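entry-v1.txt follows (compact mmCIF, C-alpha atoms):
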```txt
# COMPACT_ATOMS: atom_id res chain seq x y z
CA MET A 10 -83.13 -74.91 42.58
CA LEU A 11 -83.73 -72.06 40.13
CA PHE A 12 -85.71 -70.29 42.80
CA SER A 13 -82.94 -70.50 45.39
CA THR A 14 -80.26 -69.05 42.97
CA ARG A 15 -82.49 -66.10 42.18
CA VAL A 16 -82.93 -65.54 45.90
CA ILE A 17 -79.14 -65.62 46.48
CA VAL A 18 -78.53 -63.12 43.66
CA ARG A 19 -81.21 -60.88 45.00
CA LEU A 20 -79.80 -61.20 48.47
CA LEU A 21 -76.23 -60.53 47.29
CA GLY A 22 -77.15 -57.84 44.77
CA PRO A 23 -77.55 -54.80 47.03
CA ASN A 24 -74.58 -55.87 49.17
CA LEU A 25 -72.24 -56.19 46.22
CA LYS A 26 -73.52 -52.96 44.76
CA ILE A 27 -72.45 -50.86 47.72
CA LEU A 28 -69.10 -52.70 48.09
CA ALA A 29 -68.17 -52.66 44.42
CA GLY A 30 -67.39 -48.91 44.19
CA PRO A 31 -64.79 -48.73 47.00
CA LEU A 32 -63.31 -52.10 46.05
CA ILE A 33 -62.82 -51.03 42.42
CA ILE A 34 -61.23 -47.75 43.54
CA ILE A 35 -58.89 -49.55 45.96
CA THR A 36 -57.90 -52.09 43.30
CA VAL A 37 -57.25 -49.41 40.67
CA VAL A 38 -55.27 -47.26 43.14
CA LEU A 39 -53.18 -50.24 44.22
CA LEU A 40 -52.47 -51.19 40.62
CA LEU A 41 -51.56 -47.61 39.72
CA SER A 42 -49.37 -47.32 42.83
CA LEU A 43 -47.54 -50.46 41.80
CA LEU A 44 -47.03 -49.12 38.28
CA VAL A 45 -46.08 -45.56 39.23
CA GLY A 46 -44.01 -46.68 42.21
CA LYS A 47 -41.96 -49.19 40.25
CA ASN A 48 -41.27 -46.95 37.26
CA GLY A 49 -41.11 -43.69 39.19
CA PHE A 50 -38.59 -44.90 41.76
CA SER A 51 -36.35 -46.48 39.14
CA GLN A 52 -36.45 -43.27 37.07
CA VAL A 53 -35.74 -41.05 40.08
CA SER A 54 -32.93 -43.28 41.33
CA ARG A 55 -31.40 -43.27 37.82
CA LEU A 56 -31.59 -39.47 37.77
CA LEU A 57 -30.08 -39.22 41.24
CA LYS A 58 -27.17 -41.40 40.09
CA GLU A 59 -26.75 -39.24 37.00
CA GLU A 60 -26.82 -36.12 39.14
CA ASN A 61 -24.18 -37.55 41.43
CA GLU A 62 -21.94 -38.36 38.47
CA ALA A 63 -22.51 -34.89 37.03
CA ARG A 64 -21.55 -33.31 40.38
CA VAL A 65 -18.36 -35.40 40.58
CA ALA A 66 -17.41 -34.42 37.01
CA GLU A 67 -18.17 -30.77 37.74
CA SER A 68 -16.08 -30.85 40.89
CA ALA A 69 -13.17 -32.47 39.02
CA LEU A 70 -13.34 -29.78 36.34
CA GLN A 71 -13.46 -27.04 38.98
CA ASP A 72 -10.37 -28.51 40.67
CA LYS A 73 -8.59 -28.75 37.35
CA LEU A 74 -9.43 -25.15 36.49
CA ALA A 75 -8.24 -24.01 39.92
CA VAL A 76 -4.88 -25.77 39.44
CA LEU A 77 -4.47 -24.35 35.95
CA ARG A 78 -5.32 -20.82 37.11
CA GLU A 79 -2.84 -21.19 39.94
CA VAL A 80 0.05 -22.16 37.66
CA GLU A 81 -0.99 -19.90 34.77
CA GLY A 82 1.62 -17.32 33.96
CA GLU A 83 4.14 -18.84 36.34
CA SER A 84 7.52 -19.61 34.97
CA ASN A 85 7.16 -23.25 35.93
CA GLY A 86 10.60 -24.46 34.92
CA ALA A 87 9.46 -26.57 31.96
CA ASP A 88 12.37 -25.19 29.94
CA ALA A 89 14.88 -26.24 32.56
CA THR A 90 13.47 -29.77 32.68
CA VAL A 91 13.57 -30.12 28.89
CA ILE A 92 17.20 -29.02 28.87
CA ALA A 93 17.97 -31.41 31.73
CA LEU A 94 16.25 -34.30 29.96
CA PRO A 95 16.09 -33.42 26.27
CA LYS A 96 13.90 -35.06 23.67
CA GLY A 97 16.88 -36.11 21.54
CA ASN A 98 20.36 -37.51 22.14
CA PRO A 99 22.32 -34.77 23.96
CA ALA A 100 25.79 -36.26 23.33
CA ALA A 101 27.05 -33.02 21.77
CA LEU A 102 25.83 -30.95 24.75
CA VAL A 103 27.34 -33.35 27.30
CA ILE A 104 30.70 -33.42 25.55
CA SER A 105 30.62 -29.64 25.26
CA ASN A 106 29.97 -29.35 29.02
CA LEU A 107 32.77 -31.78 29.83
CA ARG A 108 35.20 -29.94 27.53
CA LEU A 109 34.31 -26.65 29.15
CA LEU A 110 34.80 -28.01 32.64
CA SER A 111 38.01 -29.87 31.76
CA LYS A 112 39.47 -26.61 30.46
CA GLU A 113 38.60 -24.91 33.73
CA LYS A 114 40.12 -27.73 35.83
CA GLU A 115 43.10 -28.27 33.50
CA ILE A 116 42.20 -31.85 32.79
CA THR A 117 43.26 -33.54 29.57
CA PHE A 118 40.98 -35.98 27.79
CA GLU A 119 43.18 -38.85 26.67
CA GLU A 120 40.37 -40.77 25.06
CA PHE A 121 36.64 -40.83 24.95
CA SER A 122 34.02 -42.95 23.26
CA ALA A 123 30.24 -43.01 23.38
CA SER A 124 28.58 -46.36 23.08
CA SER A 125 25.86 -48.80 24.01
CA THR A 126 22.71 -46.85 23.44
CA GLN A 127 19.87 -48.33 25.41
CA LYS A 128 16.36 -47.54 24.37
CA LYS A 129 13.86 -48.10 27.09
CA GLU A 130 10.14 -47.49 27.15
CA THR A 131 10.41 -44.27 29.10
CA PHE A 132 13.86 -42.98 28.19
CA SER A 133 17.03 -43.82 26.30
CA ASN A 134 20.59 -43.57 27.52
CA MET A 135 24.11 -43.68 26.25
CA THR A 136 27.37 -44.50 28.00
CA LEU A 137 30.39 -42.27 27.61
CA ASP A 138 33.77 -43.77 28.49
CA LEU A 139 36.30 -41.13 29.29
CA SER A 140 40.00 -41.38 30.10
CA THR A 141 41.55 -38.34 31.70
CA SER A 142 44.86 -37.20 33.06
CA ASN A 143 45.90 -34.21 35.12
CA LYS A 144 48.38 -33.09 37.72
CA ASP A 145 46.16 -32.09 40.58
CA TYR A 146 44.05 -34.61 42.52
CA PHE A 147 41.75 -31.93 43.94
CA ALA A 148 41.07 -30.50 40.48
CA PHE A 149 40.11 -34.01 39.40
CA VAL A 150 37.75 -34.44 42.36
CA GLY A 151 36.33 -30.99 41.57
CA PHE A 152 35.73 -32.12 37.99
CA ILE A 153 33.89 -35.24 39.20
CA LYS A 154 31.75 -33.18 41.56
CA ASP A 155 31.02 -30.33 39.15
CA PHE A 156 30.08 -32.12 35.93
CA GLN A 157 26.93 -33.30 37.68
CA ASP A 158 25.89 -29.67 38.10
CA TYR A 159 25.42 -29.29 34.36
CA ALA A 160 22.34 -29.93 32.26
CA PRO A 161 21.61 -32.32 30.53
CA ILE A 162 21.74 -34.66 33.50
CA THR A 163 24.74 -36.93 33.41
CA SER A 164 25.43 -39.52 36.05
CA LEU A 165 28.58 -41.27 37.05
CA ASN A 166 28.36 -45.00 36.61
CA SER A 167 31.85 -45.82 37.74
CA LEU A 168 35.19 -44.18 38.31
CA GLU A 169 38.64 -45.59 38.75
CA ALA A 170 41.55 -43.25 39.19
CA SER A 171 45.14 -43.67 40.26
CA TYR A 172 48.21 -41.59 40.79
CA ASN A 173 51.25 -42.38 38.68
CA LYS A 174 54.32 -41.31 40.64
CA ASP A 175 56.71 -41.68 37.71
CA ARG A 176 54.71 -39.41 35.41
CA ASP A 177 53.39 -37.31 38.32
CA LEU A 178 49.96 -37.60 36.78
CA PHE A 179 46.57 -38.51 38.04
CA SER A 180 44.83 -40.79 35.53
CA GLY A 181 41.12 -41.47 35.62
CA ASP A 182 38.74 -43.78 33.80
CA LEU A 183 35.16 -42.62 34.02
CA GLU A 184 31.99 -44.23 32.81
CA LEU A 185 29.29 -41.59 32.45
CA VAL A 186 25.68 -42.05 31.41
CA PHE A 187 23.42 -39.42 29.90
CA TYR A 188 19.75 -39.63 29.02
CA TRP A 189 17.02 -38.39 26.74
CA SER A 190 13.34 -39.05 26.32
CA PRO A 191 10.69 -38.12 23.74
CA LEU A 192 8.18 -35.50 24.79
CA PRO A 193 4.69 -36.72 25.73
CA ARG A 194 2.49 -36.96 22.68
CA VAL A 195 -0.89 -37.71 24.17
CA ILE A 196 -2.79 -34.88 25.75
CA PRO A 197 -5.20 -36.21 28.37
CA LYS A 198 -8.93 -35.78 27.98
CA ILE A 199 -10.35 -32.47 29.12
CA THR A 200 -12.25 -34.29 31.87
CA ASP A 201 -9.13 -36.04 33.18
CA PRO A 202 -7.97 -34.56 36.48
CA ILE A 203 -4.68 -32.74 36.81
CA VAL A 204 -2.71 -32.50 40.03
CA ARG A 205 -0.24 -30.01 41.40
CA LEU A 206 3.42 -30.94 41.72
CA SER A 207 4.12 -33.20 44.68
CA GLY A 208 6.79 -32.40 47.27
CA ASP A 209 9.23 -34.82 45.62
CA GLU A 210 8.59 -33.30 42.22
CA GLU A 211 9.11 -29.77 43.59
CA GLU A 212 12.41 -30.94 45.05
CA VAL A 213 13.58 -32.43 41.74
CA LEU A 214 12.44 -29.30 39.90
CA ALA A 215 14.42 -27.06 42.26
CA LYS A 216 17.50 -29.19 41.61
CA LEU A 217 17.02 -29.09 37.84
CA THR A 218 16.53 -25.33 37.69
CA GLU A 219 19.84 -24.90 39.52
CA LEU A 220 21.76 -26.91 36.92
CA LYS A 221 24.13 -24.92 34.76
CA ARG A 222 22.91 -24.71 31.20
CA PRO A 223 25.10 -25.73 28.29
CA LEU A 224 26.59 -23.05 26.06
CA PHE A 225 24.10 -23.91 23.35
CA VAL A 226 20.80 -25.72 23.60
CA ASN A 227 19.63 -26.26 20.04
CA LEU A 228 21.78 -27.48 17.24
CA ASP A 229 19.73 -25.92 14.49
CA ALA A 230 20.70 -26.52 10.91
CA VAL A 231 22.18 -23.40 9.31
CA ALA A 232 21.91 -22.73 5.59
CA PRO A 233 25.25 -22.43 3.82
CA LYS A 234 26.46 -18.84 3.65
CA GLU A 235 27.53 -17.22 0.46
CA ARG A 236 31.28 -16.87 0.59
CA GLU A 237 33.08 -14.09 -1.07
CA THR A 238 35.71 -15.19 -3.54
CA PRO A 239 39.14 -14.31 -2.11
CA PHE A 240 40.53 -13.50 -5.57
CA ASN A 241 38.53 -10.35 -6.22
CA MET B 22 -88.91 -38.84 56.87
CA PRO B 23 -88.33 -40.65 53.54
CA ILE B 24 -90.18 -43.86 53.09
CA ASN B 25 -88.22 -46.76 51.67
CA LEU B 26 -90.60 -48.50 49.36
CA LEU B 27 -88.08 -51.11 48.27
CA PRO B 28 -88.74 -54.61 49.40
CA GLN B 29 -86.55 -55.73 52.31
CA GLU B 30 -84.72 -58.23 50.12
CA PHE B 31 -83.19 -55.35 48.06
CA LYS B 32 -81.92 -53.57 51.11
CA PRO B 33 -78.18 -54.18 51.91
CA LYS B 34 -77.35 -55.85 55.16
CA GLY B 35 -76.26 -53.65 58.07
CA TYR B 36 -72.73 -55.09 58.41
CA VAL B 37 -72.22 -54.76 54.66
CA VAL B 38 -73.05 -51.06 54.92
CA THR B 39 -70.48 -50.70 57.72
CA VAL B 40 -67.81 -52.55 55.70
CA SER B 41 -68.65 -50.42 52.68
CA HIS B 42 -68.16 -47.21 54.70
CA THR B 43 -64.79 -48.46 55.99
CA LEU B 44 -63.73 -49.47 52.47
CA ARG B 45 -64.70 -46.03 51.18
CA LYS B 46 -62.51 -44.42 53.83
CA VAL B 47 -59.62 -46.76 52.95
CA ALA B 48 -60.11 -45.97 49.24
CA VAL B 49 -60.01 -42.22 49.92
CA LEU B 50 -56.91 -42.62 52.06
CA LEU B 51 -55.15 -44.76 49.46
CA LEU B 52 -56.09 -42.34 46.69
CA THR B 53 -54.73 -39.42 48.71
CA VAL B 54 -51.48 -41.29 49.46
CA PHE B 55 -51.22 -42.25 45.80
CA LEU B 56 -51.73 -38.70 44.61
CA VAL B 57 -49.26 -37.26 47.14
CA GLY B 58 -46.70 -39.96 46.24
CA SER B 59 -47.15 -39.37 42.53
CA VAL B 60 -46.72 -35.62 42.95
CA ALA B 61 -43.60 -36.22 45.07
CA ILE B 62 -42.08 -38.55 42.48
CA LEU B 63 -42.92 -36.11 39.69
CA GLY B 64 -41.42 -33.24 41.71
CA ALA B 65 -38.25 -35.22 42.43
CA PHE B 66 -38.03 -36.12 38.74
CA ILE B 67 -38.34 -32.49 37.59
CA PHE B 68 -36.05 -31.15 40.35
CA THR B 69 -33.29 -33.69 39.68
CA SER B 70 -33.53 -33.20 35.92
CA GLN B 71 -33.11 -29.46 36.41
CA ARG B 72 -30.08 -29.98 38.64
CA ILE B 73 -28.46 -32.31 36.09
CA LYS B 74 -29.15 -29.78 33.37
CA GLY B 75 -27.57 -27.03 35.50
CA SER B 76 -24.54 -29.16 36.28
CA ASN B 77 -24.10 -30.08 32.62
CA SER B 78 -24.22 -26.46 31.54
CA MET B 79 -21.73 -25.57 34.31
CA GLN B 80 -19.45 -28.37 33.04
CA GLU B 81 -19.60 -26.93 29.54
CA GLU B 82 -18.63 -23.49 30.89
CA LEU B 83 -15.73 -25.01 32.85
CA LYS B 84 -14.56 -26.97 29.81
CA THR B 85 -14.52 -23.77 27.75
CA GLU B 86 -12.45 -22.04 30.42
CA ILE B 87 -10.08 -25.02 30.66
CA GLU B 88 -9.67 -24.99 26.88
CA THR B 89 -8.46 -21.40 27.06
CA LEU B 90 -5.74 -22.60 29.46
CA GLU B 91 -4.66 -25.47 27.22
CA ALA B 92 -1.13 -24.13 26.84
CA THR B 93 -0.72 -24.03 30.64
CA GLU B 94 -2.06 -27.58 30.90
CA GLN B 95 0.38 -28.83 28.26
CA ARG B 96 3.26 -27.15 30.07
CA LEU B 97 2.26 -28.79 33.34
CA ILE B 98 1.95 -32.21 31.71
CA LEU B 99 5.36 -31.80 30.10
CA LEU B 100 6.83 -30.71 33.42
CA LYS B 101 5.40 -33.70 35.28
CA ASP B 102 6.56 -36.08 32.55
CA ARG B 103 10.13 -34.77 32.72
CA LEU B 104 10.21 -34.71 36.52
CA ASP B 105 8.89 -38.28 36.84
CA LYS B 106 11.51 -39.55 34.40
CA VAL B 107 14.35 -37.62 36.03
CA LYS B 108 13.29 -39.05 39.40
CA THR B 109 13.34 -42.57 37.94
CA ILE B 110 16.82 -41.97 36.50
CA GLU B 111 18.12 -40.52 39.76
CA ASP B 112 16.74 -43.41 41.81
CA ALA B 113 18.20 -46.01 39.49
CA ASN B 114 21.59 -44.64 38.51
CA ASN B 115 22.72 -41.74 40.56
CA SER B 116 26.12 -42.00 42.20
CA GLY B 117 25.77 -38.49 43.58
CA GLU B 118 26.01 -39.69 47.18
CA GLU B 119 29.27 -41.55 46.50
CA VAL B 120 30.74 -38.48 44.76
CA THR B 121 29.77 -36.38 47.78
CA VAL B 122 31.57 -38.88 50.03
CA LEU B 123 34.64 -38.65 47.80
CA GLY B 124 34.57 -34.85 48.05
CA ASN B 125 34.21 -35.01 51.85
CA VAL B 126 37.13 -37.44 52.22
CA SER B 127 39.31 -35.32 49.94
CA ASP B 128 38.57 -32.22 52.03
CA LEU B 129 39.89 -34.05 55.09
CA PHE B 130 43.35 -34.93 53.68
CA SER B 131 45.88 -33.86 56.27
CA GLU B 132 49.62 -33.28 56.32
CA GLY B 133 51.72 -36.14 54.96
CA ILE B 134 48.73 -37.74 53.23
CA THR B 135 48.71 -37.86 49.43
CA PRO B 136 46.12 -39.50 47.21
CA LYS B 137 46.91 -42.79 45.54
CA GLY B 138 43.69 -43.91 43.95
CA ILE B 139 39.90 -43.71 43.83
CA LEU B 140 37.25 -46.28 43.09
CA VAL B 141 33.64 -45.13 42.86
CA SER B 142 30.53 -46.99 41.76
CA LYS B 143 26.97 -47.12 43.03
CA GLY B 144 27.09 -47.86 46.75
CA LEU B 145 30.89 -47.91 46.85
CA THR B 146 33.49 -45.24 47.56
CA GLN B 147 37.06 -46.36 48.07
CA VAL B 148 39.98 -44.01 48.52
CA SER B 149 43.59 -45.13 48.86
CA VAL B 150 46.29 -42.84 50.19
CA TYR B 151 50.02 -42.67 50.74
CA ALA B 152 51.23 -41.66 54.17
CA ASP B 153 54.78 -40.58 54.86
CA SER B 154 54.63 -41.76 58.44
CA LEU B 155 52.52 -43.93 60.66
CA ALA B 156 51.85 -40.93 62.89
CA ASN B 157 50.37 -38.95 59.99
CA LEU B 158 48.27 -41.92 58.91
CA SER B 159 46.94 -42.32 62.45
CA HIS B 160 46.18 -38.62 62.55
CA PHE B 161 44.29 -38.88 59.24
CA ILE B 162 42.26 -41.80 60.58
CA GLU B 163 41.48 -39.75 63.68
CA ILE B 164 40.27 -36.88 61.48
CA LEU B 165 38.08 -39.21 59.42
CA LYS B 166 36.59 -40.72 62.58
CA GLY B 167 36.14 -37.38 64.26
CA SER B 168 34.45 -35.72 61.29
CA GLY B 169 31.23 -37.62 61.92
CA GLN B 170 30.45 -37.47 58.21
CA PHE B 171 30.55 -41.19 57.56
CA ALA B 172 28.35 -43.95 58.92
CA ASN B 173 30.96 -46.54 58.25
CA ILE B 174 34.71 -46.43 57.54
CA ALA B 175 36.49 -49.68 56.71
CA LEU B 176 40.21 -50.13 56.33
CA VAL B 177 40.35 -52.34 53.24
CA SER B 178 44.13 -52.73 53.00
CA PHE B 179 47.27 -51.47 54.68
CA ASP B 180 50.78 -51.84 53.23
CA TYR B 181 54.27 -50.64 53.81
CA ASP B 182 56.84 -50.16 51.10
CA PRO B 183 60.30 -48.65 51.81
CA GLU B 184 60.00 -46.51 48.65
CA ASP B 185 56.37 -45.35 48.86
CA GLY B 186 55.98 -45.43 52.60
CA TYR B 187 52.64 -46.48 54.06
CA THR B 188 49.65 -47.16 51.85
CA ALA B 189 46.12 -47.48 53.17
CA GLU B 190 42.84 -48.07 51.38
CA PHE B 191 39.54 -47.02 52.96
CA SER B 192 35.98 -47.81 52.08
CA PHE B 193 33.29 -45.31 53.08
CA VAL B 194 29.55 -45.32 53.59
CA LYS B 195 27.82 -42.03 54.28
```
Let me see the structure of the file written as structure tokens.
Amino acid sequence: MLFSTRVIVRLLGPNLKILAGPLIIITVVLLLSLLVGKNGFSQVSRLLKEENEARVAESALQDKLAVLREVEGESNGADATVIALPKGNPAALVISNLRLLSKEKEITFEEFSASSTQKKETFSNMTLDLSTSNKDYFAFVGFIKDFQDYAPITSLNSLEASYNKDRDLFSGDLELVFYWSPLPRVIPKITDPIVRLSGDEEEVLAKLTELKRPLFVNLDAVAPKERETPFN
Amino acid sequence: MPINLLPQEFKPKGYVVTVSHTLRKVAVLLLTVFLVGSVAILGAFIFTSQRIKGSNSMQEELKTEIETLEATEQRLILLKDRLDKVKTIEDANNSGEEVTVLGNVSDLFSEGITPKGILVSKGLTQVSVYADSLANLSHFIEILKGSGQFANIALVSFDYDPEDGYTAEFSFVK
């Protein structure tokens, strides 16, 4: 038995010896390939994903810069939009506009009251009830048409008017609404994209820039003036 | 010619030698493929890393340039904010169309027609008029019809009073 094992080892010995080298190399190479392949591919695919994200971010920044360069230095009408939709209650400006127009159209304000402030998420509004009287129907219609050409934007909610033959007067009851909204407080991240004005926005902007501006825009507080004594 | 002095039992078998040669060739081939693959992966790794680095530095440059235009960006954001809100207000509350209709009707008043009353609210424009004769009222209706400015004209009411004459109330849709 012992003899036969020794013979087998002897017989196998030289055979294994010449096969062992290539087999070890093949095994090591396969193991290394598995290791390098698995880690290498995952690393490269991660980098490719990162590169793609970096390219997208770069492209977004380039687009943003292009838009900003395009509008830089342009008088973009921001002032007109802030006057049209101010950050604070524009009741004084609206009443001033209406007074100015009523004088031009010879319309008398019988009564007016501002009420029911509504504060919404995006903007607030206030209703102005106005009773008018005048002689000329066409002047009244002109008043209705023209007050909408003034900034801040004021819209007509309802209107009821009738002619009184006895007094020869045209009496109107108008319900007007005006609006205001706080300015945006959050500046978007530098990486956030910015887009040009859409067609609709351009149209609204054109309309707003054509609005007549009120006589005054800011009601700044003025320090009391020193008055001269009239008895000197 | 070299003489192999080893006993025959230490000599590898012929087929084993052949298999060994084939395995050696396979090993060389695999090693070559492995080396080429490793170099390719390493190259891709270095190349992509460089590109990411370049893109990141470009992004930093762009950010610096954008920061210098911050005032312009703020103005644009403010502008868009105002315009969006004005659009919302106009869509929800504007009676501009009805006022335009009122103006158009008023421009068409003809002889013998005097205004009596107006009623305007969103989606509604009603105008009532006095007419001194039926002929003048008919003429006015003809003018309204012929103007082509209104999609729909409805006669809401029609009255006759010996003192005031004829009274008609119209409802308009542009």
Using all atoms listed in the file, determine which residues of chain A fall within 7 Å of chain B; present them as a ChimeraX atom specification. /A:19-20,23-24,27-28,31-32,34-35,38,42,49,53,56-57,60,63-64,67,70-71,74,77,81,87,90-91,94,150,154,164-172,193,199,210,213-214
Between atom CA of A:Thr117 and atom CA of A:Asn173 - distance in Å to one decimal: 15.0 Å
Within 9 Å of B:Gly186, counting all atoms listed in the file, which residues qualify if same-chain residues fewer than 4 places away don't, as number ranges by chain? B: 151-155, 180-182
